[in-house]
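Asker: File name structure16.pdb; file contents PDB, C-alpha atoms, pLDDT in the B column; full text below.
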ATOM      1  CA  MET E   1       5.752  -9.298  10.891  1.00 51.00           C
ATOM      2  CA  TYR E   2       7.456 -12.677  10.500  1.00 53.00           C
ATOM      3  CA  GLY E   3       4.270 -14.685  10.836  1.00 58.00           C
ATOM      4  CA  LEU E   4       2.278 -12.778   8.204  1.00 61.00           C
ATOM      5  CA  THR E   5       1.878 -14.361   4.809  1.00 78.00           C
ATOM      6  CA  ARG E   6       2.045 -12.594   1.475  1.00 81.00           C
ATOM      7  CA  GLY E   7      -1.726 -12.837   1.097  1.00 84.00           C
ATOM      8  CA  THR E   8      -2.369 -11.201   4.458  1.00 88.00           C
ATOM      9  CA  ILE E   9       0.000  -8.340   3.714  1.00 88.00           C
ATOM     10  CA  THR E  10      -1.560  -7.898   0.258  1.00 89.00           C
ATOM     11  CA  LEU E  11      -4.989  -7.733   1.916  1.00 92.00           C
ATOM     12  CA  LEU E  12      -3.737  -5.086   4.353  1.00 93.00           C
ATOM     13  CA  GLY E  13      -2.201  -3.106   1.483  1.00 93.00           C
ATOM     14  CA  ALA E  14      -5.436  -3.278  -0.491  1.00 95.00           C
ATOM     15  CA  ALA E  15      -7.401  -2.121   2.548  1.00 97.00           C
ATOM     16  CA  ALA E  16      -5.017   0.808   3.077  1.00 97.00           C
ATOM     17  CA  ALA E  17      -5.238   1.689  -0.625  1.00 97.00           C
ATOM     18  CA  GLY E  18      -9.024   1.543  -0.462  1.00 97.00           C
ATOM     19  CA  VAL E  19      -9.089   3.908   2.501  1.00 97.00           C
ATOM     20  CA  LEU E  20      -6.768   6.322   0.689  1.00 97.00           C
ATOM     21  CA  VAL E  21      -8.919   6.261  -2.460  1.00 97.00           C
ATOM     22  CA  TRP E  22     -12.043   6.828  -0.374  1.00 97.00           C
ATOM     23  CA  LEU E  23     -10.299   9.713   1.372  1.00 97.00           C
ATOM     24  CA  ALA E  24      -9.423  11.174  -2.045  1.00 96.00           C
ATOM     25  CA  THR E  25     -13.123  11.250  -2.912  1.00 95.00           C
ATOM     26  CA  GLN E  26     -13.789  13.332   0.197  1.00 95.00           C
ATOM     27  CA  VAL E  27     -11.353  16.102  -0.780  1.00 94.00           C
ATOM     28  CA  ASP E  28     -12.718  19.048  -2.767  1.00 91.00           C
ATOM     29  CA  GLY E  29     -10.682  19.004  -5.969  1.00 88.00           C
ATOM     30  CA  GLY E  30     -11.992  22.344  -7.202  1.00 90.00           C
ATOM     31  CA  SER E  31      -8.973  24.351  -6.113  1.00 93.00           C
ATOM     32  CA  ASN E  32      -5.360  23.928  -7.139  1.00 94.00           C
ATOM     33  CA  GLY E  33      -4.384  22.573  -3.709  1.00 94.00           C
ATOM     34  CA  GLY E  34      -7.354  20.209  -3.656  1.00 94.00           C
ATOM     35  CA  TYR E  35      -6.417  18.860  -7.081  1.00 95.00           C
ATOM     36  CA  TRP E  36      -2.904  17.998  -5.917  1.00 96.00           C
ATOM     37  CA  ALA E  37      -4.201  16.548  -2.665  1.00 96.00           C
ATOM     38  CA  VAL E  38      -6.480  14.171  -4.587  1.00 96.00           C
ATOM     39  CA  TYR E  39      -3.683  13.020  -6.877  1.00 96.00           C
ATOM     40  CA  GLY E  40      -1.267  12.731  -3.970  1.00 96.00           C
ATOM     41  CA  LEU E  41      -3.696  10.418  -2.174  1.00 97.00           C
ATOM     42  CA  ILE E  42      -4.183   8.321  -5.310  1.00 97.00           C
ATOM     43  CA  ALA E  43      -0.399   8.046  -5.685  1.00 97.00           C
ATOM     44  CA  ALA E  44      -0.094   7.035  -2.022  1.00 97.00           C
ATOM     45  CA  ALA E  45      -2.672   4.289  -2.649  1.00 97.00           C
ATOM     46  CA  GLY E  46      -0.532   2.957  -5.485  1.00 96.00           C
ATOM     47  CA  LEU E  47       2.534   3.018  -3.258  1.00 96.00           C
ATOM     48  CA  ALA E  48       0.635   1.151  -0.550  1.00 95.00           C
ATOM     49  CA  MET E  49      -0.066  -1.642  -3.019  1.00 94.00           C
ATOM     50  CA  ALA E  50       3.521  -1.701  -4.255  1.00 93.00           C
ATOM     51  CA  PHE E  51       4.962  -1.776  -0.746  1.00 92.00           C
ATOM     52  CA  SER E  52       2.576  -4.552   0.255  1.00 90.00           C
ATOM     53  CA  GLN E  53       4.073  -6.696  -2.508  1.00 87.00           C
ATOM     54  CA  ILE E  54       7.617  -5.838  -1.452  1.00 86.00           C
ATOM     55  CA  PHE E  55       6.987  -6.526   2.232  1.00 83.00           C
ATOM     56  CA  GLY E  56       4.987  -9.651   1.431  1.00 78.00           C
ATOM     57  CA  GLY E  57       7.947 -11.044  -0.455  1.00 70.00           C
ATOM     58  CA  TRP E  58      10.301  -9.919   2.305  1.00 63.00           C
ATOM     59  CA  THR E  59       8.558 -12.165   4.811  1.00 54.00           C
ATOM     60  CA  LYS E  60       9.067 -15.041   2.382  1.00 55.00           C
ATOM     61  CA  TRP E  61      12.814 -14.325   2.000  1.00 57.00           C
ATOM     62  CA  ALA E  62      13.464 -13.633   5.684  1.00 54.00           C
ATOM     63  CA  CYS E  63      13.856 -17.292   6.673  1.00 55.00           C
ATOM     64  CA  ARG E  64      16.150 -18.970   4.155  1.00 55.00           C
ATOM     65  CA  GLY E  65      16.705 -22.133   6.224  1.00 51.00           C
ATOM     66  CA  CYS E  66      13.002 -22.704   6.999  1.00 51.00           C
ATOM     67  CA  ARG E  67      11.490 -25.111   4.485  1.00 50.00           C
TER      68      ARG E  67
END
Re-express the file's structure as structure tokens.
Answerer:
Amino acid sequence: MYGLTRGTITLLGAAAAGVLVWLATQVDGGSNGGYWAVYGLIAAAGLAMAFSQIFGGWTKWACRGCR
């Protein structure tokens, strides 16, 4: 993970979030469990984007002496 740039990790996070949002559209939200499954997947997509920003910055901070 050292060699990945922030942009690459952001792209991977966006792709993962897109898959999770697409998966949320495939769940039947008509029941109580389906409703919570949809919103759980949407929340997971948001976390995927947030973590991609954290990990993207982490690769930048990992090598303090490399400039």
Asker: Quick one, how far is CA of Gly13 in chain E from CA of Ala48 in chain E?
Answerer: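 Rounded to one decimal, the two atoms are 5.5 Å apart.
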Asker: Evaluate the PyMOL selection byres ((chain E and resi 6-12) around 6) against this structure - the residues, as a VMD selection string, please.
Answerer: chain E and resid 5 13 to 15 52 56
Asker: So which one's closest to Thr25 in chain E, E:Met49, E:Ala44, E:Ile54, E:Ala37? Using all atoms listed in the file, please.
Answerer: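 Looking at the shortest contact to Thr25 in chain E, the residue is E:Ala37.
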Asker: If we count all atoms listed in the file, what is near Gln26 in chain E at a cut-off of 12 Å, once residues fewer than 6 positions away on the same chain are taken out, given as number ranges by chain?
Answerer: E: 19-20, 34-35, 37-38, 41
Asker: Rounded to one decimal in Å, what is the spacing between CA of Ala24 in chain E and CA of Trp36 in chain E?
Answerer: 10.2 Å
Asker: Which distance in Å separates CA of Leu23 in chain E and CA of Ala50 in chain E, to one decimal?
Answerer: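 Pair CA of Leu23 in chain E / CA of Ala50 in chain E returns 18.8 Å.
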Asker: Grab all the atoms of range 46-56 of chain E that the file lists, wrap them in a box along x, y and z, add 5 Å per side, and give me centre plus edge lengths in Å (one decimal) as lines of an AutoDock Vina configuration file.
Answerer:
center_x = 3.5
center_y = -3.3
center_z = -1.6
size_x = 18.1
size_y = 22.7
size_z = 17.7
